[in-house]
$ cat target_32.pdb   # PDB, C-alpha atoms and all ligand atoms
MODEL        1
ATOM      1  CA  MET A   1      76.954  43.019 -13.125
ATOM      2  CA  ILE A   2      74.135  44.767 -15.018
ATOM      3  CA  SER A   3      71.650  47.360 -13.777
ATOM      4  CA  VAL A   4      67.881  46.891 -13.955
ATOM      5  CA  TRP A   5      64.771  48.940 -13.127
ATOM      6  CA  GLN A   6      62.468  46.592 -11.236
ATOM      7  CA  ALA A   7      59.092  46.671  -9.497
ATOM      8  CA  PRO A   8      59.509  44.857  -6.142
ATOM      9  CA  SER A   9      55.773  44.137  -5.884
ATOM     10  CA  ALA A  10      52.526  44.700  -7.760
ATOM     11  CA  GLY A  11      51.983  48.360  -8.617
ATOM     12  CA  ALA A  12      55.162  49.554  -6.867
ATOM     13  CA  PRO A  13      57.453  52.184  -8.426
ATOM     14  CA  LEU A  14      60.515  50.771 -10.190
ATOM     15  CA  GLU A  15      63.763  50.685  -8.216
ATOM     16  CA  CYS A  16      67.262  50.517  -9.611
ATOM     17  CA  GLY A  17      69.039  47.262  -8.809
ATOM     18  CA  GLN A  18      72.008  45.162  -9.845
ATOM     19  CA  ARG A  19      72.034  41.620 -11.194
ATOM     20  CA  PRO A  20      74.743  39.284 -12.472
ATOM     21  CA  ALA A  21      75.413  39.793 -16.171
ATOM     22  CA  PRO A  22      73.359  37.301 -18.215
ATOM     23  CA  GLU A  23      75.125  34.538 -20.143
ATOM     24  CA  PRO A  24      73.516  34.017 -23.569
ATOM     25  CA  ALA A  25      72.383  30.420 -24.138
ATOM     26  CA  ALA A  26      72.529  28.723 -27.552
ATOM     27  CA  ASP A  27      70.805  30.846 -30.255
ATOM     28  CA  GLU A  28      70.639  33.826 -27.879
ATOM     29  CA  LEU A  29      72.342  37.182 -27.930
ATOM     30  CA  VAL A  30      72.792  39.971 -25.394
ATOM     31  CA  LEU A  31      71.703  43.510 -26.275
ATOM     32  CA  GLU A  32      73.142  46.528 -24.508
ATOM     33  CA  VAL A  33      70.020  48.694 -24.216
ATOM     34  CA  MET A  34      70.234  52.077 -25.986
ATOM     35  CA  HIS A  35      66.528  52.999 -25.911
ATOM     36  CA  CYS A  36      63.356  51.338 -24.640
ATOM     37  CA  GLY A  37      59.786  52.453 -25.287
ATOM     38  CA  LEU A  38      57.092  52.349 -22.603
ATOM     39  CA  CYS A  39      53.987  50.390 -23.616
ATOM     40  CA  HIS A  40      50.643  50.164 -21.832
ATOM     41  CA  SER A  41      51.325  46.438 -21.371
ATOM     42  CA  ASP A  42      54.255  47.378 -19.113
ATOM     43  CA  LEU A  43      51.735  49.091 -16.809
ATOM     44  CA  SER A  44      49.477  46.017 -16.918
ATOM     45  CA  MET A  45      52.421  43.780 -16.016
ATOM     46  CA  ILE A  46      53.675  46.075 -13.215
ATOM     47  CA  GLY A  47      50.161  46.037 -11.750
ATOM     48  CA  ASN A  48      49.676  42.263 -12.357
ATOM     49  CA  HIS A  49      46.414  43.016 -14.173
ATOM     50  CA  TRP A  50      46.756  39.802 -16.197
ATOM     51  CA  GLY A  51      47.799  37.584 -13.278
ATOM     52  CA  VAL A  52      51.076  36.437 -14.910
ATOM     53  CA  SER A  53      53.563  38.867 -13.299
ATOM     54  CA  ARG A  54      56.452  37.681 -11.140
ATOM     55  CA  TYR A  55      58.367  40.037  -8.855
ATOM     56  CA  PRO A  56      60.787  41.647  -8.820
ATOM     57  CA  LEU A  57      59.576  42.507 -12.334
ATOM     58  CA  VAL A  58      61.721  44.299 -14.922
ATOM     59  CA  PRO A  59      59.394  45.703 -17.604
ATOM     60  CA  GLY A  60      60.347  47.161 -20.994
ATOM     61  CA  HIS A  61      59.711  45.433 -24.318
ATOM     62  CA  GLU A  62      60.325  48.042 -27.042
ATOM     63  CA  VAL A  63      64.091  47.749 -27.008
ATOM     64  CA  ILE A  64      66.714  49.118 -29.334
ATOM     65  CA  GLY A  65      70.103  47.720 -28.368
ATOM     66  CA  ARG A  66      73.570  46.880 -29.551
ATOM     67  CA  VAL A  67      74.707  43.238 -29.606
ATOM     68  CA  THR A  68      77.480  42.781 -27.029
ATOM     69  CA  ALA A  69      77.660  38.978 -26.672
ATOM     70  CA  VAL A  70      76.374  35.916 -28.516
ATOM     71  CA  GLY A  71      75.615  32.347 -27.489
ATOM     72  CA  GLU A  72      76.507  29.102 -29.220
ATOM     73  CA  GLY A  73      75.293  28.960 -32.809
ATOM     74  CA  VAL A  74      75.132  32.742 -33.250
ATOM     75  CA  ASP A  75      77.559  34.472 -35.621
ATOM     76  CA  PRO A  76      80.060  36.502 -33.515
ATOM     77  CA  GLY A  77      80.096  38.938 -36.462
ATOM     78  CA  LEU A  78      76.763  40.238 -35.123
ATOM     79  CA  ILE A  79      78.527  41.897 -32.181
ATOM     80  CA  GLY A  80      78.091  45.643 -32.617
ATOM     81  CA  ASP A  81      74.851  45.278 -34.663
ATOM     82  CA  VAL A  82      71.895  47.441 -33.601
ATOM     83  CA  ARG A  83      68.682  45.435 -33.242
ATOM     84  CA  GLY A  84      65.087  45.853 -32.110
ATOM     85  CA  LEU A  85      63.272  43.563 -29.649
ATOM     86  CA  GLY A  86      59.555  43.593 -28.853
ATOM     87  CA  TRP A  87      57.010  41.664 -26.787
ATOM     88  CA  ILE A  88      58.302  38.244 -27.862
ATOM     89  CA  SER A  89      61.897  37.224 -27.172
ATOM     90  CA  GLY A  90      61.828  33.554 -28.219
ATOM     91  CA  SER A  91      59.834  30.747 -29.814
ATOM     92  CA  CYS A  92      60.514  27.021 -30.152
ATOM     93  CA  ASN A  93      61.248  27.095 -33.907
ATOM     94  CA  HIS A  94      60.260  23.454 -34.423
ATOM     95  CA  CYS A  95      56.483  23.263 -33.871
ATOM     96  CA  SER A  96      54.166  23.397 -36.888
ATOM     97  CA  LEU A  97      53.214  27.015 -36.143
ATOM     98  CA  CYS A  98      56.862  28.126 -36.018
ATOM     99  CA  LEU A  99      57.696  26.126 -39.146
ATOM    100  CA  GLY A 100      54.682  27.690 -40.880
ATOM    101  CA  GLY A 101      55.878  31.227 -40.161
ATOM    102  CA  ASP A 102      53.442  31.867 -37.288
ATOM    103  CA  GLN A 103      56.118  32.014 -34.582
ATOM    104  CA  ASN A 104      54.069  34.569 -32.635
ATOM    105  CA  LEU A 105      51.387  31.886 -32.185
ATOM    106  CA  CYS A 106      53.870  29.273 -30.877
ATOM    107  CA  THR A 107      52.444  27.650 -27.753
ATOM    108  CA  SER A 108      55.825  27.717 -25.998
ATOM    109  CA  LEU A 109      56.848  31.232 -26.882
ATOM    110  CA  GLU A 110      58.799  33.373 -24.485
ATOM    111  CA  ALA A 111      57.555  36.911 -23.775
ATOM    112  CA  THR A 112      60.245  39.487 -23.013
ATOM    113  CA  ILE A 113      58.796  40.569 -19.638
ATOM    114  CA  VAL A 114      56.867  37.452 -18.565
ATOM    115  CA  GLY A 115      59.001  35.398 -16.187
ATOM    116  CA  ARG A 116      62.163  37.039 -17.449
ATOM    117  CA  GLN A 117      63.997  40.335 -17.347
ATOM    118  CA  GLY A 118      62.894  43.039 -19.786
ATOM    119  CA  GLY A 119      64.468  46.080 -21.360
ATOM    120  CA  PHE A 120      64.401  48.698 -18.614
ATOM    121  CA  ALA A 121      67.924  47.572 -17.853
ATOM    122  CA  SER A 122      71.438  48.042 -19.115
ATOM    123  CA  HIS A 123      71.280  44.676 -20.951
ATOM    124  CA  VAL A 124      68.637  42.210 -22.117
ATOM    125  CA  VAL A 125      68.823  38.713 -23.656
ATOM    126  CA  ALA A 126      66.795  37.407 -26.620
ATOM    127  CA  ARG A 127      66.771  34.652 -29.216
ATOM    128  CA  GLN A 128      68.602  35.952 -32.248
ATOM    129  CA  ASP A 129      65.624  35.521 -34.619
ATOM    130  CA  TRP A 130      63.468  37.843 -32.457
ATOM    131  CA  ALA A 131      66.152  40.567 -32.357
ATOM    132  CA  ILE A 132      65.391  42.262 -35.655
ATOM    133  CA  PRO A 133      68.110  44.110 -37.616
ATOM    134  CA  LEU A 134      67.412  47.805 -38.156
ATOM    135  CA  PRO A 135      67.595  48.732 -41.844
ATOM    136  CA  PRO A 136      69.686  51.766 -42.847
ATOM    137  CA  GLY A 137      67.564  54.912 -42.635
ATOM    138  CA  LEU A 138      65.574  53.891 -39.543
ATOM    139  CA  ASP A 139      66.423  56.199 -36.621
ATOM    140  CA  PRO A 140      67.280  53.937 -33.657
ATOM    141  CA  ALA A 141      66.384  56.676 -31.145
ATOM    142  CA  ASP A 142      62.701  56.675 -32.150
ATOM    143  CA  ALA A 143      62.261  53.151 -33.561
ATOM    144  CA  GLY A 144      61.719  51.239 -30.282
ATOM    145  CA  PRO A 145      57.908  51.593 -30.164
ATOM    146  CA  LEU A 146      57.662  49.935 -33.589
ATOM    147  CA  PHE A 147      58.624  46.604 -32.012
ATOM    148  CA  CYS A 148      55.485  46.303 -29.881
ATOM    149  CA  GLY A 149      53.025  49.118 -30.614
ATOM    150  CA  GLY A 150      54.028  49.296 -34.268
ATOM    151  CA  ILE A 151      53.963  45.613 -35.148
ATOM    152  CA  THR A 152      50.681  45.223 -33.250
ATOM    153  CA  VAL A 153      48.983  47.599 -35.709
ATOM    154  CA  PHE A 154      50.993  46.508 -38.770
ATOM    155  CA  ALA A 155      49.892  42.880 -38.286
ATOM    156  CA  PRO A 156      46.226  43.400 -39.231
ATOM    157  CA  LEU A 157      47.331  44.995 -42.510
ATOM    158  CA  VAL A 158      50.178  42.695 -43.550
ATOM    159  CA  ASP A 159      49.043  39.364 -42.118
ATOM    160  CA  GLU A 160      45.455  39.693 -43.369
ATOM    161  CA  ALA A 161      46.506  41.191 -46.728
ATOM    162  CA  VAL A 162      44.161  44.181 -46.436
ATOM    163  CA  SER A 163      43.296  45.682 -49.822
ATOM    164  CA  PRO A 164      44.684  49.171 -50.523
ATOM    165  CA  THR A 165      41.166  50.132 -51.646
ATOM    166  CA  ALA A 166      39.765  49.404 -48.176
ATOM    167  CA  HIS A 167      38.381  52.113 -45.894
ATOM    168  CA  VAL A 168      40.146  51.621 -42.559
ATOM    169  CA  ALA A 169      39.043  53.234 -39.290
ATOM    170  CA  VAL A 170      41.471  53.506 -36.384
ATOM    171  CA  VAL A 171      39.816  53.923 -32.982
ATOM    172  CA  GLY A 172      42.039  55.645 -30.401
ATOM    173  CA  ILE A 173      44.854  58.017 -31.391
ATOM    174  CA  GLY A 174      47.438  57.015 -28.813
ATOM    175  CA  GLY A 175      50.623  54.934 -28.775
ATOM    176  CA  LEU A 176      49.197  52.333 -31.176
ATOM    177  CA  GLY A 177      46.679  54.413 -33.092
ATOM    178  CA  HIS A 178      49.078  57.139 -34.201
ATOM    179  CA  ILE A 179      51.268  54.498 -35.877
ATOM    180  CA  ALA A 180      48.231  52.675 -37.303
ATOM    181  CA  LEU A 181      47.126  55.865 -39.098
ATOM    182  CA  GLN A 182      50.562  56.191 -40.730
ATOM    183  CA  PHE A 183      50.594  52.535 -41.800
ATOM    184  CA  ALA A 184      47.040  52.531 -43.192
ATOM    185  CA  ARG A 185      47.675  55.735 -45.166
ATOM    186  CA  ALA A 186      50.938  54.432 -46.646
ATOM    187  CA  TRP A 187      49.173  51.123 -47.401
ATOM    188  CA  GLY A 188      46.950  53.114 -49.779
ATOM    189  CA  CYS A 189      43.731  52.951 -47.787
ATOM    190  CA  GLU A 190      41.087  55.569 -47.117
ATOM    191  CA  VAL A 191      41.702  56.328 -43.441
ATOM    192  CA  THR A 192      39.380  57.581 -40.704
ATOM    193  CA  ALA A 193      40.633  58.413 -37.203
ATOM    194  CA  ILE A 194      38.051  57.991 -34.434
ATOM    195  CA  THR A 195      38.819  59.745 -31.161
ATOM    196  CA  THR A 196      37.210  61.041 -27.978
ATOM    197  CA  ASN A 197      39.553  64.025 -28.114
ATOM    198  CA  LEU A 198      39.036  66.293 -31.131
ATOM    199  CA  ALA A 199      42.077  68.288 -29.969
ATOM    200  CA  LYS A 200      44.017  65.470 -31.658
ATOM    201  CA  ALA A 201      42.235  65.978 -35.010
ATOM    202  CA  GLU A 202      44.875  68.105 -36.705
ATOM    203  CA  GLN A 203      47.676  65.797 -35.614
ATOM    204  CA  ALA A 204      45.627  62.773 -36.738
ATOM    205  CA  ARG A 205      45.446  64.308 -40.234
ATOM    206  CA  ARG A 206      49.222  64.781 -40.194
ATOM    207  CA  PHE A 207      49.546  61.087 -39.318
ATOM    208  CA  GLY A 208      47.538  60.329 -42.462
ATOM    209  CA  ALA A 209      43.846  60.392 -41.581
ATOM    210  CA  HIS A 210      41.608  61.583 -44.429
ATOM    211  CA  HIS A 211      38.733  62.003 -41.958
ATOM    212  CA  VAL A 212      38.472  62.477 -38.197
ATOM    213  CA  GLU A 213      35.320  61.510 -36.304
ATOM    214  CA  GLU A 214      34.302  61.738 -32.668
ATOM    215  CA  LEU A 215      33.741  58.396 -30.946
ATOM    216  CA  GLU A 216      30.304  59.410 -29.716
ATOM    217  CA  MET A 217      29.214  59.985 -33.327
ATOM    218  CA  LEU A 218      29.916  56.317 -34.181
ATOM    219  CA  PRO A 219      26.192  55.402 -34.367
ATOM    220  CA  ASP A 220      25.930  57.883 -37.290
ATOM    221  CA  LEU A 221      28.682  56.121 -39.289
ATOM    222  CA  GLN A 222      26.691  53.176 -40.597
ATOM    223  CA  SER A 223      28.167  50.813 -43.233
ATOM    224  CA  ARG A 224      31.258  53.002 -43.585
ATOM    225  CA  PHE A 225      34.370  50.857 -42.979
ATOM    226  CA  ASP A 226      35.912  47.672 -44.332
ATOM    227  CA  LEU A 227      38.178  47.351 -41.296
ATOM    228  CA  VAL A 228      37.992  48.910 -37.842
ATOM    229  CA  ILE A 229      41.267  48.639 -35.926
ATOM    230  CA  ASN A 230      40.350  49.228 -32.296
ATOM    231  CA  THR A 231      43.302  50.192 -30.105
ATOM    232  CA  VAL A 232      41.393  51.272 -26.988
ATOM    233  CA  ASN A 233      41.127  49.005 -23.964
ATOM    234  CA  HIS A 234      37.797  50.080 -22.549
ATOM    235  CA  PRO A 235      34.310  48.935 -23.599
ATOM    236  CA  LEU A 236      32.701  50.592 -26.644
ATOM    237  CA  ASP A 237      29.152  50.615 -28.017
ATOM    238  CA  TRP A 238      29.910  47.327 -29.749
ATOM    239  CA  SER A 239      26.676  47.244 -31.766
ATOM    240  CA  ALA A 240      27.521  50.683 -33.160
ATOM    241  CA  VAL A 241      31.049  49.487 -34.011
ATOM    242  CA  MET A 242      29.622  46.485 -35.881
ATOM    243  CA  ALA A 243      27.031  48.659 -37.661
ATOM    244  CA  SER A 244      29.825  50.965 -38.865
ATOM    245  CA  LEU A 245      31.238  48.064 -40.898
ATOM    246  CA  ARG A 246      30.366  47.487 -44.522
ATOM    247  CA  PRO A 247      29.268  44.017 -45.634
ATOM    248  CA  ARG A 248      32.184  41.598 -45.090
ATOM    249  CA  GLY A 249      33.711  44.234 -42.799
ATOM    250  CA  ARG A 250      35.834  43.255 -39.836
ATOM    251  CA  LEU A 251      36.498  44.588 -36.356
ATOM    252  CA  HIS A 252      40.115  43.903 -35.419
ATOM    253  CA  GLN A 253      40.499  44.207 -31.646
ATOM    254  CA  LEU A 254      43.937  45.174 -30.317
ATOM    255  CA  GLY A 255      43.137  47.025 -27.088
ATOM    256  CA  ALA A 256      43.187  44.518 -24.207
ATOM    257  CA  VAL A 257      39.706  45.304 -22.899
ATOM    258  CA  LEU A 258      39.058  43.042 -19.914
ATOM    259  CA  GLU A 259      35.246  43.035 -20.194
ATOM    260  CA  PRO A 260      33.597  40.705 -22.765
ATOM    261  CA  ILE A 261      32.876  42.177 -26.211
ATOM    262  CA  GLN A 262      29.083  41.961 -26.393
ATOM    263  CA  VAL A 263      27.725  41.627 -29.931
ATOM    264  CA  GLY A 264      24.525  40.077 -31.210
ATOM    265  CA  ALA A 265      24.378  37.299 -33.794
ATOM    266  CA  PHE A 266      22.605  39.692 -36.132
ATOM    267  CA  ASP A 267      25.493  42.148 -35.858
ATOM    268  CA  LEU A 268      27.469  39.438 -37.693
ATOM    269  CA  ILE A 269      25.202  37.258 -39.821
ATOM    270  CA  PRO A 270      23.307  39.361 -42.392
ATOM    271  CA  ALA A 271      26.315  41.380 -43.613
ATOM    272  CA  ARG A 272      28.883  38.594 -43.026
ATOM    273  CA  ARG A 273      30.824  40.758 -40.586
ATOM    274  CA  SER A 274      33.513  39.352 -38.310
ATOM    275  CA  ILE A 275      35.662  40.088 -35.276
ATOM    276  CA  THR A 276      39.358  39.207 -35.065
ATOM    277  CA  GLY A 277      42.347  39.961 -32.860
ATOM    278  CA  SER A 278      46.084  39.335 -33.030
ATOM    279  CA  PRO A 279      49.156  39.177 -30.787
ATOM    280  CA  THR A 280      51.987  41.208 -32.443
ATOM    281  CA  SER A 281      53.379  39.209 -35.381
ATOM    282  CA  SER A 282      56.191  37.032 -36.707
ATOM    283  CA  PRO A 283      59.869  37.927 -37.200
ATOM    284  CA  ALA A 284      59.217  37.999 -40.969
ATOM    285  CA  SER A 285      56.443  40.577 -40.540
ATOM    286  CA  LEU A 286      58.674  42.581 -38.183
ATOM    287  CA  GLN A 287      61.313  42.724 -40.912
ATOM    288  CA  LYS A 288      58.712  43.751 -43.506
ATOM    289  CA  MET A 289      57.468  46.449 -41.122
ATOM    290  CA  VAL A 290      60.833  48.128 -40.566
ATOM    291  CA  GLU A 291      61.510  48.128 -44.322
ATOM    292  CA  PHE A 292      58.021  49.591 -44.936
ATOM    293  CA  CYS A 293      58.758  52.298 -42.345
ATOM    294  CA  VAL A 294      61.957  53.354 -44.100
ATOM    295  CA  ARG A 295      60.293  53.304 -47.540
ATOM    296  CA  HIS A 296      57.365  55.475 -46.366
ATOM    297  CA  ASN A 297      59.181  57.613 -43.792
ATOM    298  CA  ILE A 298      57.085  56.286 -40.901
ATOM    299  CA  LEU A 299      58.186  56.662 -37.283
ATOM    300  CA  PRO A 300      56.475  56.791 -33.906
ATOM    301  CA  LEU A 301      56.176  60.321 -32.493
ATOM    302  CA  VAL A 302      57.954  59.982 -29.165
ATOM    303  CA  GLU A 303      58.908  61.940 -26.075
ATOM    304  CA  HIS A 304      62.345  61.034 -24.749
ATOM    305  CA  LEU A 305      63.249  60.806 -21.076
ATOM    306  CA  PRO A 306      66.422  59.470 -19.470
ATOM    307  CA  MET A 307      66.073  55.908 -18.135
ATOM    308  CA  ASP A 308      66.320  57.091 -14.518
ATOM    309  CA  GLN A 309      63.016  58.958 -15.031
ATOM    310  CA  VAL A 310      61.141  55.772 -15.939
ATOM    311  CA  ASN A 311      58.752  56.262 -12.978
ATOM    312  CA  VAL A 312      57.795  59.707 -14.274
ATOM    313  CA  ALA A 313      57.015  58.157 -17.654
ATOM    314  CA  ILE A 314      54.949  55.406 -16.003
ATOM    315  CA  GLN A 315      52.898  57.901 -13.966
ATOM    316  CA  ARG A 316      52.275  60.132 -16.979
ATOM    317  CA  LEU A 317      51.325  57.212 -19.264
ATOM    318  CA  ALA A 318      48.858  55.992 -16.614
ATOM    319  CA  LYS A 319      47.145  59.403 -16.886
ATOM    320  CA  GLY A 320      47.271  59.361 -20.693
ATOM    321  CA  ASP A 321      49.683  62.316 -20.560
ATOM    322  CA  VAL A 322      51.960  61.505 -23.509
ATOM    323  CA  ARG A 323      51.993  62.411 -27.204
ATOM    324  CA  TYR A 324      52.308  59.636 -28.297
ATOM    325  CA  ARG A 325      54.858  57.267 -26.790
ATOM    326  CA  PHE A 326      57.642  57.536 -24.213
ATOM    327  CA  VAL A 327      61.120  56.291 -25.051
ATOM    328  CA  LEU A 328      63.570  55.936 -22.169
ATOM    329  CA  ASP A 329      67.189  56.546 -23.158
ATOM    330  CA  ALA A 330      70.134  54.715 -21.578
TER     331      ALA A 330
HETATM  332 ZN    ZN A 401      56.927  26.893 -31.900
HETATM  333 ZN    ZN A 402      53.708  46.352 -25.706
ENDMDL
END

$ encode --input "target_32.pdb" --output "structure tokens"
Amino acid sequence: MISVWQAPSAGAPLECGQRPAPEPAADELVLEVMHCGLCHSDLSMIGNHWGVSRYPLVPGHEVIGRVTAVGEGVDPGLIGDVRGLGWISGSCNHCSLCLGGDQNLCTSLEATIVGRQGGFASHVVARQDWAIPLPPGLDPADAGPLFCGGITVFAPLVDEAVSPTAHVAVVGIGGLGHIALQFARAWGCEVTAITTNLAKAEQARRFGAHHVEELEMLPDLQSRFDLVINTVNHPLDWSAVMASLRPRGRLHQLGAVLEPIQVGAFDLIPARRSITGSPTSSPASLQKMVEFCVRHNILPLVEHLPMDQVNVAIQRLAKGDVRYRFVLDA
């Protein structure tokens, strides 16, 4: 048997339960969970905010774990390896998107906590290509949040080949934003942190921001940025965001704001501005990210709690009371 932390119904606190130990299918492996980060998407799934949750629901998709069993076609020599697992746990590997290296866009991909058991558990199963080896020098205790929050903000830099001469603004200095600042700085960019909470200014500079601005001052920052990475999930003054972009500038939306993003045609047309978004990234980009983290000494800043305090972490994250990510330890 394995133990899991599961929500019995929408919005309910997690309860500890037992399930039969999972058998890995072909190409799958079983990870014994060592650490698992808590992401805002876990809260959205617990609350069924996206309408795709099934209960009992075991959240947790920023897993660091040790391989304890492998399915057919997986090298048994991997047993004992420490690997990271994020939002995606499997893709078909034979569609044109998978074959082209865009596995995260596969139309039959498997998400770690959608219709299957996630990482707030003693064990979790994944396809071997989505369980990413940790390079030497990456601290497994703090690395979990890289596999969802981290790759989410690394993707707009690596997958869009952002120039190191670009001026990048990061809106929201939370679980995603604090990693985005570190990535953009190490990428070589000029970096501006935009926050509603100037108490975070000094820490934002330590994460790599050259400049810190208050969100309400955005209308004063005209034609300033080549790329705005927006990590917040509530509506902004979208016209002011667009006006803060230089010609050819781009808003990259990562916060899952549920209201429509209202922009006018003339926010886009005259200066050839654009709006993009992205869902994490591919296994290849995940591997590039962890190597980049080791090379540039980048890690999430986390607060550790034991796994049996997962409900405390959930309540505090819901109030925004965390600097900057929780990691639950087995
Ligand atoms: Zn596919
Ligand atoms: Zn996540």

$ residues_near_ligand --input "target_32.pdb" --ligand "ligand ZN 401 (chain A)" --cutoff "8 Å" --atoms "all atoms listed in the file" --output "PyMOL selection string"
chain A and resi 91-99+103+105-109

$ write_last_selection --input "target_32.pdb" --atoms "C-alpha atoms" --output "compact mmCIF listing (two decimals), keeping the file's coordinate frame"
# COMPACT_ATOMS: atom_id res chain seq x y z
CA SER A 91 59.83 30.75 -29.81
CA CYS A 92 60.51 27.02 -30.15
CA ASN A 93 61.25 27.10 -33.91
CA HIS A 94 60.26 23.45 -34.42
CA CYS A 95 56.48 23.26 -33.87
CA SER A 96 54.17 23.40 -36.89
CA LEU A 97 53.21 27.02 -36.14
CA CYS A 98 56.86 28.13 -36.02
CA LEU A 99 57.70 26.13 -39.15
CA GLN A 103 56.12 32.01 -34.58
CA LEU A 105 51.39 31.89 -32.18
CA CYS A 106 53.87 29.27 -30.88
CA THR A 107 52.44 27.65 -27.75
CA SER A 108 55.82 27.72 -26.00
CA LEU A 109 56.85 31.23 -26.88

$ resolve_selection --input "target_32.pdb" --expression "the PyMOL selection byres (((chain A and resi 177-184) around 9) and not hetatm)" --output "PyMOL selection string"
chain A and resi 146+149-150+152-154+157+164+168-176+185-193+203-209+229-232+292-293+296+298-301+324

$ closest_residue --input "target_32.pdb" --among "A:Val70, A:Thr280, A:His210, A:Met289" --to "ligand ZN 402 (chain A)" --atoms "only C-alpha atoms and all ligand atoms"
A:Thr280

$ residues_around --input "target_32.pdb" --residues "stretch 79-84 of chain A" --least-positions-apart "2" --cutoff "12 Å" --atoms "all atoms listed in the file" --output "PyMOL selection string"
chain A and resi 29-37+61-71+74-77+86-89+119+124-136+138-148+150-151+283+286-287+289-290

$ closest_residue --input "target_32.pdb" --among "A:Gly51, A:Pro306, A:Gly255, A:Gly249" --to "ligand ZN 402 (chain A)" --atoms "all atoms listed in the file"
A:Gly255

$ atom_distance --input "target_32.pdb" --atom1 "atom CA of A:Leu227" --atom2 "atom CA of A:His167"
6.6 Å

$ closest_residue --input "target_32.pdb" --among "A:Ser9, A:Gln222, A:Ser41, A:Asn197" --to "ligand ZN 402 (chain A)" --atoms "all atoms listed in the file"
A:Ser41

$ resolve_selection --input "target_32.pdb" --expression "the PyMOL selection byres (((chain A and resi 237) around 12) and not hetatm)" --output "list of chain:residue names"
A:Leu215, A:Glu216, A:Met217, A:Leu218, A:Pro219, A:His234, A:Pro235, A:Leu236, A:Trp238, A:Ser239, A:Ala240, A:Val241, A:Met242, A:Ala243, A:Ser244, A:Ile261, A:Gln262, A:Val263, A:Gly264

$ write_last_selection --input "target_32.pdb" --atoms "C-alpha atoms" --output "PDB file, in the coordinates of the input"
ATOM      1  CA  LEU A 215      33.741  58.396 -30.946  1.00  0.00           C
ATOM      2  CA  GLU A 216      30.304  59.410 -29.716  1.00  0.00           C
ATOM      3  CA  MET A 217      29.214  59.985 -33.327  1.00  0.00           C
ATOM      4  CA  LEU A 218      29.916  56.317 -34.181  1.00  0.00           C
ATOM      5  CA  PRO A 219      26.192  55.402 -34.367  1.00  0.00           C
ATOM      6  CA  HIS A 234      37.797  50.080 -22.549  1.00  0.00           C
ATOM      7  CA  PRO A 235      34.310  48.935 -23.599  1.00  0.00           C
ATOM      8  CA  LEU A 236      32.701  50.592 -26.644  1.00  0.00           C
ATOM      9  CA  TRP A 238      29.910  47.327 -29.749  1.00  0.00           C
ATOM     10  CA  SER A 239      26.676  47.244 -31.766  1.00  0.00           C
ATOM     11  CA  ALA A 240      27.521  50.683 -33.160  1.00  0.00           C
ATOM     12  CA  VAL A 241      31.049  49.487 -34.011  1.00  0.00           C
ATOM     13  CA  MET A 242      29.622  46.485 -35.881  1.00  0.00           C
ATOM     14  CA  ALA A 243      27.031  48.659 -37.661  1.00  0.00           C
ATOM     15  CA  SER A 244      29.825  50.965 -38.865  1.00  0.00           C
ATOM     16  CA  ILE A 261      32.876  42.177 -26.211  1.00  0.00           C
ATOM     17  CA  GLN A 262      29.083  41.961 -26.393  1.00  0.00           C
ATOM     18  CA  VAL A 263      27.725  41.627 -29.931  1.00  0.00           C
ATOM     19  CA  GLY A 264      24.525  40.077 -31.210  1.00  0.00           C
TER      20      GLY A 264
END

$ residues_around --input "target_32.pdb" --residues "A:Pro156" --least-positions-apart "5" --cutoff "9 Å" --atoms "only C-alpha atoms" --output "PyMOL selection string"
chain A and resi 161-162+229+252+277-278

$ residues_around --input "target_32.pdb" --residues "A:Leu305" --least-positions-apart "6" --cutoff "7 Å" --atoms "only C-alpha atoms" --output "PDB file with C-alpha atoms, in the frame of the given file"
ATOM      1  CA  VAL A 327      61.120  56.291 -25.051  1.00  0.00           C
ATOM      2  CA  LEU A 328      63.570  55.936 -22.169  1.00  0.00           C
ATOM      3  CA  ASP A 329      67.189  56.546 -23.158  1.00  0.00           C
TER       4      ASP A 329
END
